[in-house]
>>> print(open('start_30.cif').read())   # mmCIF, C-alpha atoms and all ligand atoms
data_run
loop_
_atom_site.label_atom_id
_atom_site.label_comp_id
_atom_site.auth_asym_id
_atom_site.auth_seq_id
_atom_site.Cartn_x
_atom_site.Cartn_y
_atom_site.Cartn_z
CA MET C 218 115.35 67.82 132.51
CA LYS C 219 118.46 69.23 134.13
CA GLU C 220 116.60 72.42 134.88
CA ASN C 221 115.21 72.78 138.41
CA PRO C 222 111.43 72.64 138.01
CA ASN C 223 110.94 74.83 141.09
CA ARG C 224 112.45 77.85 139.38
CA GLY C 225 110.00 80.44 138.11
CA PHE C 226 108.59 80.42 134.59
CA ALA C 227 110.56 83.40 133.27
CA THR C 228 113.80 81.93 134.66
CA ARG C 229 113.13 78.59 133.02
CA ALA C 230 112.19 80.31 129.73
CA ILE C 231 115.63 81.93 129.65
CA HIS C 232 117.76 79.11 131.07
CA ALA C 233 116.14 75.68 130.61
CA GLY C 234 118.11 73.75 128.00
CA GLN C 235 120.21 76.86 127.41
CA GLU C 236 123.36 76.31 129.43
CA PRO C 237 126.33 78.18 127.90
CA ASP C 238 127.89 76.22 125.03
CA PRO C 239 130.46 73.85 126.61
CA SER C 240 133.09 74.29 123.89
CA THR C 241 133.13 78.12 123.72
CA GLY C 242 131.05 79.52 126.57
CA ALA C 243 128.66 81.17 124.09
CA VAL C 244 125.68 82.45 126.09
CA ALA C 245 123.25 82.04 123.19
CA VAL C 246 122.64 78.53 121.88
CA PRO C 247 124.58 78.23 118.59
CA ILE C 248 122.81 77.34 115.35
CA PHE C 249 124.32 73.95 114.51
CA ALA C 250 124.12 74.18 110.73
CA THR C 251 125.31 70.68 110.02
CA SER C 252 123.77 67.65 108.40
CA THR C 253 126.06 65.08 109.99
CA TYR C 254 128.64 64.55 112.76
CA VAL C 255 132.11 63.03 112.69
CA GLN C 256 132.33 59.65 114.41
CA GLU C 257 135.51 58.71 116.27
CA GLU C 258 135.34 55.09 115.22
CA ILE C 259 132.66 52.63 114.19
CA GLY C 260 129.86 52.83 116.71
CA LYS C 261 131.45 55.69 118.68
CA ASN C 262 129.86 59.15 118.47
CA ARG C 263 128.97 62.01 120.83
CA GLY C 264 125.26 61.32 120.81
CA TYR C 265 124.63 62.85 117.39
CA GLU C 266 124.75 60.87 114.15
CA TYR C 267 122.59 62.58 111.53
CA ALA C 268 120.61 65.85 111.74
CA ARG C 269 117.21 64.43 110.84
CA VAL C 270 117.50 62.27 113.96
CA SER C 271 118.88 64.98 116.22
CA ASN C 272 120.59 68.35 116.20
CA PRO C 273 121.94 70.17 119.28
CA THR C 274 119.97 73.37 118.57
CA ARG C 275 116.79 71.32 118.34
CA THR C 276 117.67 69.35 121.48
CA ARG C 277 118.05 72.62 123.41
CA LEU C 278 114.68 73.89 122.18
CA GLU C 279 113.00 70.57 123.00
CA GLU C 280 114.45 70.63 126.53
CA ASN C 281 113.30 74.21 126.96
CA LEU C 282 109.71 73.60 125.82
CA ALA C 283 109.41 70.40 127.86
CA ALA C 284 110.45 72.42 130.94
CA LEU C 285 107.93 75.21 130.25
CA GLU C 286 104.99 72.84 129.68
CA GLU C 287 106.15 70.62 132.58
CA GLY C 288 106.31 67.55 130.36
CA ALA C 289 108.79 64.68 130.17
CA SER C 290 109.92 65.25 126.58
CA ALA C 291 109.27 67.53 123.62
CA HIS C 292 109.55 66.97 119.88
CA ALA C 293 109.86 69.86 117.42
CA PHE C 294 108.38 69.68 113.93
CA ALA C 295 108.40 71.89 110.84
CA SER C 296 104.95 73.38 111.58
CA GLY C 297 102.00 72.96 113.90
CA MET C 298 100.29 70.82 111.28
CA ALA C 299 103.40 68.61 110.98
CA ALA C 300 103.24 68.13 114.78
CA ILE C 301 99.57 67.11 114.65
CA THR C 302 100.28 64.76 111.75
CA ALA C 303 103.10 63.17 113.76
CA MET C 304 100.79 62.81 116.76
CA LEU C 305 98.21 60.98 114.66
CA THR C 306 100.79 58.37 113.61
CA MET C 307 100.14 56.88 117.08
CA MET C 308 96.77 55.74 115.67
CA LYS C 309 96.08 52.54 113.79
CA SER C 310 93.50 51.88 111.11
CA GLY C 311 90.11 51.44 112.80
CA ASP C 312 90.91 53.80 115.71
CA HIS C 313 88.50 56.58 116.59
CA ILE C 314 89.38 60.15 117.55
CA VAL C 315 87.09 62.65 119.27
CA CYS C 316 87.97 66.19 118.22
CA GLY C 317 86.65 69.58 119.23
CA SER C 318 84.16 70.92 116.67
CA ASN C 319 85.73 74.37 116.66
CA VAL C 320 89.46 73.82 116.31
CA TYR C 321 92.04 75.35 113.95
CA GLY C 322 90.63 74.98 110.40
CA GLY C 323 93.62 72.96 109.16
CA VAL C 324 92.92 70.18 111.67
CA PRO C 325 89.56 68.95 110.29
CA ARG C 326 90.99 69.44 106.77
CA LEU C 327 93.86 67.04 107.64
CA PHE C 328 91.50 64.59 109.34
CA ASN C 329 88.66 64.61 106.76
CA GLN C 330 90.65 64.91 103.55
CA VAL C 331 93.85 62.99 104.32
CA LEU C 332 93.78 60.76 107.40
CA VAL C 333 90.28 59.42 106.83
CA ASN C 334 91.81 57.56 103.85
CA TYR C 335 93.92 55.55 106.32
CA GLY C 336 90.91 54.08 108.12
CA LEU C 337 90.79 56.52 111.03
CA GLN C 338 87.40 57.64 112.31
CA PHE C 339 86.62 61.13 113.59
CA THR C 340 83.76 62.61 115.60
CA TYR C 341 83.52 66.35 116.20
CA VAL C 342 81.86 67.67 119.36
CA ASP C 343 81.59 70.85 121.37
CA THR C 344 84.12 69.91 124.05
CA SER C 345 82.85 72.62 126.41
CA ASP C 346 79.90 70.21 126.86
CA ILE C 347 81.27 67.28 128.90
CA GLY C 348 78.13 65.21 128.27
CA ALA C 349 78.72 65.56 124.51
CA VAL C 350 82.34 64.37 124.91
CA GLU C 351 81.16 61.37 126.96
CA ARG C 352 78.51 60.46 124.35
CA ALA C 353 81.00 60.74 121.48
CA ILE C 354 83.36 58.16 123.00
CA ARG C 355 83.29 54.70 121.39
CA PRO C 356 85.01 51.47 122.44
CA ASN C 357 87.72 52.18 119.81
CA THR C 358 88.34 55.82 120.86
CA LYS C 359 92.08 56.28 121.40
CA LEU C 360 92.47 60.04 121.47
CA VAL C 361 90.51 63.15 122.43
CA HIS C 362 91.94 66.30 120.85
CA ILE C 363 90.82 69.70 122.11
CA GLU C 364 91.67 73.35 121.71
CA THR C 365 90.88 75.78 124.52
CA PRO C 366 90.04 78.59 124.08
CA THR C 367 88.85 77.74 120.57
CA ASN C 368 89.67 79.46 117.33
CA PRO C 369 87.89 81.81 116.62
CA LEU C 370 84.90 81.53 118.99
CA MET C 371 86.98 81.58 122.18
CA THR C 372 84.95 78.79 123.80
CA VAL C 373 86.66 77.38 126.88
CA SER C 374 86.66 73.63 127.65
CA ASP C 375 87.32 72.18 131.10
CA ILE C 376 90.64 70.36 130.55
CA ALA C 377 90.52 68.41 133.83
CA ALA C 378 86.95 67.22 133.17
CA VAL C 379 87.72 66.17 129.57
CA ALA C 380 90.88 64.37 130.78
CA LYS C 381 88.79 62.43 133.28
CA VAL C 382 86.30 61.31 130.60
CA ALA C 383 89.08 60.34 128.16
CA HIS C 384 91.07 58.43 130.77
CA GLY C 385 87.93 56.71 132.05
CA HIS C 386 87.63 55.12 128.61
CA GLY C 387 91.30 54.33 128.12
CA ALA C 388 91.87 57.21 125.67
CA GLU C 389 94.54 59.91 125.85
CA LEU C 390 93.95 63.66 125.82
CA SER C 391 95.88 66.08 123.65
CA VAL C 392 95.47 69.83 124.11
CA ASP C 393 96.37 72.45 121.53
CA ASN C 394 97.77 75.16 123.83
CA THR C 395 98.74 77.59 121.05
CA PHE C 396 96.38 80.43 122.09
CA MET C 397 97.38 80.59 125.75
CA SER C 398 101.01 79.43 125.66
CA PRO C 399 102.40 77.63 128.73
CA TYR C 400 102.63 81.02 130.42
CA PHE C 401 98.85 81.22 130.96
CA GLN C 402 97.73 77.59 130.79
CA LYS C 403 99.40 74.32 131.87
CA PRO C 404 97.33 71.44 130.44
CA ILE C 405 99.64 68.69 131.77
CA ARG C 406 98.92 69.80 135.35
CA LEU C 407 95.22 69.37 134.51
CA GLY C 408 95.62 65.83 133.16
CA ALA C 409 96.55 66.24 129.47
CA ASP C 410 98.79 63.48 128.10
CA ILE C 411 100.14 65.52 125.18
CA VAL C 412 100.34 69.29 124.67
CA MET C 413 100.62 70.52 121.12
CA HIS C 414 101.67 73.98 119.88
CA SER C 415 102.02 75.83 116.68
CA THR C 416 105.26 77.55 117.76
CA THR C 417 104.61 79.84 114.77
CA LYS C 418 102.41 81.88 117.11
CA PHE C 419 103.20 83.11 120.66
CA LEU C 420 106.24 80.86 121.33
CA ASN C 421 108.15 82.31 118.39
CA GLY C 422 106.27 85.56 118.90
CA HIS C 423 107.79 87.56 116.05
CA SER C 424 105.98 86.17 112.96
CA ASP C 425 109.27 85.11 111.39
CA GLY C 426 109.15 81.31 111.32
CA LEU C 427 106.86 78.29 111.28
CA GLY C 428 107.12 75.46 113.77
CA GLY C 429 105.26 72.94 115.87
CA VAL C 430 105.91 70.90 118.98
CA LEU C 431 104.48 67.95 120.89
CA VAL C 432 105.19 68.00 124.62
CA CYS C 433 104.64 64.57 126.13
CA THR C 434 104.27 62.90 129.50
CA LYS C 435 104.92 59.18 128.95
CA PRO C 436 108.04 57.17 127.99
CA HIS C 437 106.10 55.56 125.10
CA HIS C 438 105.41 59.04 123.62
CA LYS C 439 109.09 59.95 123.75
CA GLU C 440 110.06 56.74 122.01
CA THR C 441 107.31 57.05 119.40
CA PHE C 442 107.81 60.70 118.51
CA ALA C 443 111.62 60.54 118.41
CA PHE C 444 111.17 57.58 116.04
CA VAL C 445 108.58 59.48 113.95
CA GLN C 446 110.95 62.45 113.66
CA LYS C 447 113.62 60.11 112.31
CA CYS C 448 111.24 58.16 110.01
CA THR C 449 109.09 60.94 108.53
CA GLY C 450 111.66 63.75 108.69
CA GLY C 451 109.30 66.69 109.18
CA ILE C 452 111.60 68.22 111.79
CA LEU C 453 112.24 71.89 112.63
CA SER C 454 115.42 73.33 111.09
CA PRO C 455 118.24 74.50 113.40
CA PHE C 456 117.71 78.14 112.37
CA GLU C 457 114.00 78.04 113.15
CA CYS C 458 114.69 76.21 116.45
CA TRP C 459 117.00 79.10 117.30
CA LEU C 460 114.31 81.65 116.44
CA VAL C 461 111.89 79.93 118.82
CA LEU C 462 114.54 79.76 121.58
CA ARG C 463 115.15 83.46 121.10
CA GLY C 464 111.42 84.21 121.13
CA VAL C 465 110.71 82.14 124.23
CA LYS C 466 113.21 84.16 126.30
CA THR C 467 110.73 87.06 126.29
CA LEU C 468 107.56 84.94 126.44
CA ALA C 469 106.70 85.96 130.02
CA VAL C 470 106.95 89.72 129.42
CA ARG C 471 105.27 89.50 126.03
CA MET C 472 102.34 87.48 127.38
CA GLU C 473 101.88 89.95 130.26
CA GLN C 474 101.62 92.82 127.77
CA HIS C 475 99.44 90.83 125.30
CA ASP C 476 97.07 90.12 128.19
CA ARG C 477 96.97 93.71 129.51
CA SER C 478 96.33 95.10 126.03
CA GLY C 479 93.92 92.26 125.18
CA ARG C 480 91.72 93.18 128.15
CA ARG C 481 91.76 96.88 127.17
CA VAL C 482 90.86 96.17 123.54
CA ALA C 483 88.08 93.74 124.57
CA GLU C 484 86.56 96.38 126.85
CA PHE C 485 86.80 98.99 124.11
CA LEU C 486 85.08 96.70 121.58
CA GLU C 487 82.39 95.72 124.09
CA SER C 488 81.49 99.38 124.60
CA HIS C 489 81.52 100.27 120.88
CA LYS C 490 78.14 100.94 119.20
CA LYS C 491 79.11 99.28 115.89
CA VAL C 492 80.18 96.02 117.56
CA LYS C 493 77.33 93.54 118.10
CA LYS C 494 79.13 91.00 120.29
CA VAL C 495 82.61 90.33 121.68
CA PHE C 496 84.02 86.83 122.30
CA TYR C 497 86.75 87.06 124.96
CA PRO C 498 87.04 84.81 128.04
CA GLY C 499 88.04 87.81 130.17
CA LEU C 500 84.63 89.46 129.78
CA ARG C 501 82.14 88.77 132.59
CA ASP C 502 79.37 87.77 130.14
CA HIS C 503 81.54 85.11 128.46
CA PRO C 504 79.72 81.77 129.03
CA GLN C 505 82.83 80.12 130.57
CA HIS C 506 84.29 83.18 132.30
CA GLU C 507 84.44 81.43 135.71
CA LEU C 508 86.09 78.33 134.23
CA ALA C 509 88.57 80.55 132.36
CA LYS C 510 89.51 82.29 135.62
CA ARG C 511 90.10 78.92 137.29
CA GLN C 512 91.95 77.22 134.47
CA MET C 513 94.05 80.05 133.02
CA THR C 514 96.24 82.65 134.71
CA GLY C 515 95.51 85.28 132.05
CA PHE C 516 92.95 85.79 129.29
CA GLY C 517 95.42 86.49 126.50
CA ALA C 518 95.35 88.50 123.31
CA MET C 519 92.83 86.70 121.12
CA ILE C 520 89.48 88.42 120.62
CA THR C 521 86.70 87.80 118.11
CA PHE C 522 83.91 90.30 117.49
CA GLU C 523 80.74 90.46 115.43
CA THR C 524 80.34 93.34 112.98
CA GLY C 525 76.92 92.15 111.74
CA SER C 526 77.66 91.22 108.12
CA PHE C 527 80.34 90.37 105.56
CA GLU C 528 79.99 93.92 104.15
CA ASN C 529 80.61 95.48 107.56
CA ALA C 530 83.67 93.29 108.15
CA GLN C 531 84.94 94.19 104.67
CA LYS C 532 84.42 97.93 105.27
CA MET C 533 86.33 98.00 108.53
CA LEU C 534 89.14 95.66 107.44
CA ARG C 535 89.81 97.90 104.43
CA LYS C 536 90.52 100.79 106.79
CA VAL C 537 92.86 99.33 109.41
CA ARG C 538 96.34 100.87 109.43
CA VAL C 539 98.13 99.91 112.68
CA CYS C 540 96.50 96.46 112.65
CA SER C 541 97.64 94.31 109.72
CA LEU C 542 95.09 92.25 107.81
CA GLY C 543 96.49 88.73 107.67
CA GLU C 544 96.24 85.15 108.85
CA SER C 545 98.20 83.96 111.88
CA LEU C 546 98.45 85.38 115.38
CA GLY C 547 100.68 85.62 118.41
CA GLY C 548 103.25 88.04 117.01
CA VAL C 549 104.38 91.33 118.53
CA GLU C 550 102.34 93.11 115.82
CA THR C 551 98.55 93.27 115.92
CA LEU C 552 97.06 90.99 113.28
CA ILE C 553 93.43 91.14 112.27
CA SER C 554 91.64 88.55 110.17
CA HIS C 555 88.32 87.42 108.71
CA PRO C 556 87.90 83.78 109.80
CA ALA C 557 85.08 82.90 107.36
CA THR C 558 87.19 83.63 104.25
CA MET C 559 90.65 83.04 105.73
CA THR C 560 91.44 80.49 108.47
CA HIS C 561 88.07 78.72 108.35
CA ALA C 562 87.29 78.88 104.60
CA ALA C 563 87.95 75.12 104.27
CA LEU C 564 85.11 74.35 106.69
CA GLY C 565 82.53 75.46 104.09
CA ALA C 566 79.44 77.58 104.76
CA GLU C 567 77.58 74.69 106.37
CA GLY C 568 80.47 73.72 108.62
CA ARG C 569 80.82 77.32 109.75
CA ALA C 570 77.08 77.68 110.40
CA ALA C 571 77.16 74.47 112.48
CA ILE C 572 79.64 76.01 114.94
CA GLY C 573 78.16 79.52 114.86
CA LEU C 574 80.95 81.16 112.86
CA THR C 575 79.41 84.01 110.88
CA ASP C 576 80.53 86.11 107.89
CA GLY C 577 80.51 89.22 110.07
CA MET C 578 83.08 87.96 112.55
CA VAL C 579 86.50 89.57 112.79
CA ARG C 580 89.34 88.10 114.85
CA ILE C 581 92.13 90.12 116.34
CA SER C 582 95.45 89.04 117.82
CA VAL C 583 96.36 92.04 119.95
CA GLY C 584 100.05 92.85 119.63
CA ILE C 585 102.31 94.75 121.98
CA GLU C 586 102.27 98.15 120.25
CA ASP C 587 100.99 101.05 122.38
CA VAL C 588 97.45 99.97 123.18
CA GLU C 589 96.13 103.53 122.60
CA ASP C 590 97.28 103.27 118.97
CA ILE C 591 95.57 99.90 118.50
CA ILE C 592 92.32 101.22 119.97
CA ALA C 593 92.42 104.44 117.92
CA ASP C 594 93.01 102.39 114.77
CA LEU C 595 90.06 100.07 115.49
CA ASP C 596 87.88 103.08 116.32
CA GLN C 597 88.58 104.83 113.01
CA ALA C 598 88.15 101.56 111.08
CA LEU C 599 84.81 100.81 112.77
CA SER C 600 83.56 104.27 111.81
CA ALA C 601 83.47 103.02 108.19
CA ILE C 602 80.52 100.76 109.09
C1 LIG C 701 98.31 78.09 113.45
C2 LIG C 701 97.68 77.04 114.29
C3 LIG C 701 97.88 75.68 114.01
C4 LIG C 701 98.68 75.21 112.82
O1 LIG C 701 100.02 75.55 112.95
P1 LIG C 701 101.02 75.85 111.71
O2 LIG C 701 102.29 76.20 112.39
O3 LIG C 701 100.42 76.96 110.91
O4 LIG C 701 101.10 74.59 110.92
C5 LIG C 701 97.29 74.77 114.86
N1 LIG C 701 96.55 75.16 115.92
C6 LIG C 701 96.32 76.45 116.19
C7 LIG C 701 95.50 76.83 117.37
C8 LIG C 701 96.89 77.43 115.39
O5 LIG C 701 96.65 78.73 115.67
#
>>> encode(input="start_30.cif", output="structure tokens", more="lines below")
Ligand SMILES: *Cc1c(COP(=O)(O)O)cnc(C)c1O
Amino acid sequence: MKENPNRGFATRAIHAGQEPDPSTGAVAVPIFATSTYVQEEIGKNRGYEYARVSNPTRTRLEENLAALEEGASAHAFASGMAAITAMLTMMKSGDHIVCGSNVYGGVPRLFNQVLVNYGLQFTYVDTSDIGAVERAIRPNTKLVHIETPTNPLMTVSDIAAVAKVAHGHGAELSVDNTFMSPYFQKPIRLGADIVMHSTTKFLNGHSDGLGGVLVCTKPHHKETFAFVQKCTGGILSPFECWLVLRGVKTLAVRMEQHDRSGRRVAEFLESHKKVKKVFYPGLRDHPQHELAKRQMTGFGAMITFETGSFENAQKMLRKVRVCSLGESLGGVETLISHPATMTHAALGAEGRAAIGLTDGMVRISVGIEDVEDIIADLDQALSAI
């Protein structure tokens, strides 16, 4: 990276990979809406040949995200799921993957309903239990994939400890850092080999585009994922790359506000009579609160709470006005969802019971509206229970 790694996070967010355009001086990275590039003569080009392989807007975004996650390279894909799919092309038939038991619902769906047909083996464990990770490892384990905090139970795993177990057995560790963003959590510093994001969430931050990225640490990753982008073609479009670049410029200030409001909303919910339990790593009674304080520099905006039953969740979700009922998270607007019927429906009732995900749980992604309005809205909605 050209960018000086000693510069602060907010400075890198605004400047890394985003030098003024050399041909015009444009301060904002242009959207290079082109499918191909003129070549001066056979074999002579300016580093760009065809837009599936590379595009300057995408290159700028990839440089920026590599700088923020402190990785060696980054590779942008059409969605978070496209990024995970690309990551799994590193595996060969017969390889084994250890995956967190409480990750984004689309991940086990991809593994169990698509990739299992290619001879890959998967074991799901609670990765907050290091002994369980150790026991799940087999001689053919090549990758450990974790999410921390998890979706939607907000369980925190010790990234450094999981990295040590994985590396001790010759496997690599990938961390889905979507919930925290590189602003609050830096998995590569803790030993992760690959950091994955759904840029759809906090990195874009405005709920106006899908995207995914793999940030990597090793030369073989860079070679593999650049090749996979070219071969499989599931790359992020120049316009959506530009949206993420634009979003990332305000990541630091947005995350600060998400975190401040997240803490306020968690405290409000914890003190509310109609709420049975609150899952938020910033609360002192969270089982991994101490680990969260050590490993993260903020607690973020994601909160799950127990209303007691499906009917209670239904009653309150019908009444929200400032909060919008919908899937997804990480936008400037507060989004509220019902994991059992939305993001985690594909897990099935048994799968949800196995990880402790109940029908009464409601998940909230606290936005950056006035926090008093968010709290008043939740208060009036909870009064319907
Ligand atoms: C949304 C999400 C994904 C999937 O990303 P898409 O961009 O929707 O494909 C993966 N992991 C986490 C934690 C997510 O929140």
>>> closest_residue(input="start_30.cif", among="C:Val392, C:Ile314, C:Ala530, C:Val445", to="Thr302 (chain C)", atoms="only C-alpha atoms")
C:Val445
>>> residues_near_ligand(input="start_30.cif", ligand="ligand LIG 701 (chain C)", cutoff="7 Å", atoms="all atoms listed in the file", output="PyMOL selection string")
chain C and resi 296-299+320-321+323+364+368+393+395-396+414-418+427-429+545-546
>>> residues_around(input="start_30.cif", residues="Glu351 (chain C)", least_positions_apart="5", cutoff="12 Å", atoms="all atoms listed in the file", output="list in words")
Val315, Thr340, Val342, Asp343, Thr344, Ser345, Asp346, Pro356, Thr358, Val361, Ala378, Val379, Ala380, Lys381, Val382, Ala383, His384, Gly385, His386 and Ala388 of chain C
>>> closest_atom_pairs(input="start_30.cif", of="region 347-389 of chain C", to="region 575-597 of chain C", cutoff="12 Å", atoms="all atoms listed in the file", output="JSON lines")
{"residue": "C:Thr367", "atom": "CA", "partner": "C:Arg580", "partner_atom": "CA", "distance": 11.8}
{"residue": "C:Asn368", "atom": "CA", "partner": "C:Arg580", "partner_atom": "CA", "distance": 9.0}
{"residue": "C:Pro369", "atom": "CA", "partner": "C:Arg580", "partner_atom": "CA", "distance": 6.7}
{"residue": "C:Leu370", "atom": "CA", "partner": "C:Arg580", "partner_atom": "CA", "distance": 8.9}
{"residue": "C:Met371", "atom": "CA", "partner": "C:Arg580", "partner_atom": "CA", "distance": 10.1}
>>> residues_around(input="start_30.cif", residues="region 247-264 of chain C", least_positions_apart="6", cutoff="7 Å", atoms="only C-alpha atoms", output="list in words")
Asn272, Pro273, Thr274, Pro455, Phe456 and Trp459 of chain C
>>> closest_residue(input="start_30.cif", among="C:Ala557, C:Ala295, C:Val539, C:Leu282", to="Leu420 (chain C)", atoms="all atoms listed in the file")
C:Leu282
>>> closest_residue(input="start_30.cif", among="C:Thr434, C:Gly348, C:Gly426, C:Met304", to="Ala284 (chain C)", atoms="only C-alpha atoms")
C:Thr434
>>> residues_around(input="start_30.cif", residues="Ala483 (chain C)", least_positions_apart="2", cutoff="8 Å", atoms="only C-alpha atoms", output="PyMOL selection string")
chain C and resi 479-481+485-487+495+497+500+520
>>> closest_residue(input="start_30.cif", among="C:Lys435, C:Lys447, C:Lys403, C:His423", to="Gly547 (chain C)", atoms="all atoms listed in the file")
C:His423
>>> closest_residue(input="start_30.cif", among="C:Cys540, C:Val432, C:Ala566, C:Leu599", to="Lys490 (chain C)", atoms="all atoms listed in the file")
C:Leu599
>>> atom_distance(input="start_30.cif", atom1="CA of Leu285 (chain C)", atom2="CA of Gln446 (chain C)")
21.1 Å
>>> build_atoms(input="start_30.cif", residues="region 462-479 of chain C", atoms="N, CA and C atoms", output="mmCIF file, in the frame of the given file")
data_model
loop_
_atom_site.group_PDB
_atom_site.id
_atom_site.type_symbol
_atom_site.label_atom_id
_atom_site.label_comp_id
_atom_site.auth_asym_id
_atom_site.auth_seq_id
_atom_site.Cartn_x
_atom_site.Cartn_y
_atom_site.Cartn_z
ATOM 1 N N LEU C 462 113.806 79.589 120.311
ATOM 2 C CA LEU C 462 114.540 79.760 121.580
ATOM 3 C C LEU C 462 114.683 81.235 121.924
ATOM 4 N N ARG C 463 114.988 82.027 120.909
ATOM 5 C CA ARG C 463 115.150 83.460 121.100
ATOM 6 C C ARG C 463 113.815 84.092 121.493
ATOM 7 N N GLY C 464 112.736 83.667 120.829
ATOM 8 C CA GLY C 464 111.420 84.210 121.130
ATOM 9 C C GLY C 464 110.964 83.864 122.545
ATOM 10 N N VAL C 465 111.199 82.618 122.940
ATOM 11 C CA VAL C 465 110.710 82.140 124.230
ATOM 12 C C VAL C 465 111.341 82.900 125.405
ATOM 13 N N LYS C 466 112.550 83.419 125.195
ATOM 14 C CA LYS C 466 113.210 84.160 126.300
ATOM 15 C C LYS C 466 112.351 85.332 126.783
ATOM 16 N N THR C 467 111.561 85.913 125.883
ATOM 17 C CA THR C 467 110.730 87.060 126.290
ATOM 18 C C THR C 467 109.251 86.671 126.402
ATOM 19 N N LEU C 468 108.965 85.362 126.429
ATOM 20 C CA LEU C 468 107.560 84.940 126.440
ATOM 21 C C LEU C 468 106.797 85.538 127.634
ATOM 22 N N ALA C 469 107.415 85.489 128.812
ATOM 23 C CA ALA C 469 106.700 85.960 130.020
ATOM 24 C C ALA C 469 106.334 87.443 129.892
ATOM 25 N N VAL C 470 107.274 88.285 129.504
ATOM 26 C CA VAL C 470 106.950 89.720 129.420
ATOM 27 C C VAL C 470 106.015 90.018 128.249
ATOM 28 N N ARG C 471 106.194 89.277 127.152
ATOM 29 C CA ARG C 471 105.270 89.500 126.030
ATOM 30 C C ARG C 471 103.849 89.116 126.409
ATOM 31 N N MET C 472 103.696 87.938 127.042
ATOM 32 C CA MET C 472 102.340 87.480 127.380
ATOM 33 C C MET C 472 101.680 88.438 128.370
ATOM 34 N N GLU C 473 102.443 88.980 129.315
ATOM 35 C CA GLU C 473 101.880 89.950 130.260
ATOM 36 C C GLU C 473 101.306 91.148 129.503
ATOM 37 N N GLN C 474 102.075 91.644 128.517
ATOM 38 C CA GLN C 474 101.620 92.820 127.770
ATOM 39 C C GLN C 474 100.462 92.470 126.830
ATOM 40 N N HIS C 475 100.544 91.281 126.169
ATOM 41 C CA HIS C 475 99.440 90.830 125.300
ATOM 42 C C HIS C 475 98.146 90.793 126.120
ATOM 43 N N ASP C 476 98.251 90.289 127.335
ATOM 44 C CA ASP C 476 97.070 90.120 128.190
ATOM 45 C C ASP C 476 96.531 91.486 128.635
ATOM 46 N N ARG C 477 97.408 92.368 129.081
ATOM 47 C CA ARG C 477 96.970 93.710 129.510
ATOM 48 C C ARG C 477 96.273 94.435 128.363
ATOM 49 N N SER C 478 96.913 94.399 127.170
ATOM 50 C CA SER C 478 96.330 95.100 126.030
ATOM 51 C C SER C 478 95.080 94.380 125.535
ATOM 52 N N GLY C 479 95.081 93.048 125.590
ATOM 53 C CA GLY C 479 93.920 92.260 125.180
ATOM 54 C C GLY C 479 92.689 92.663 125.985
#
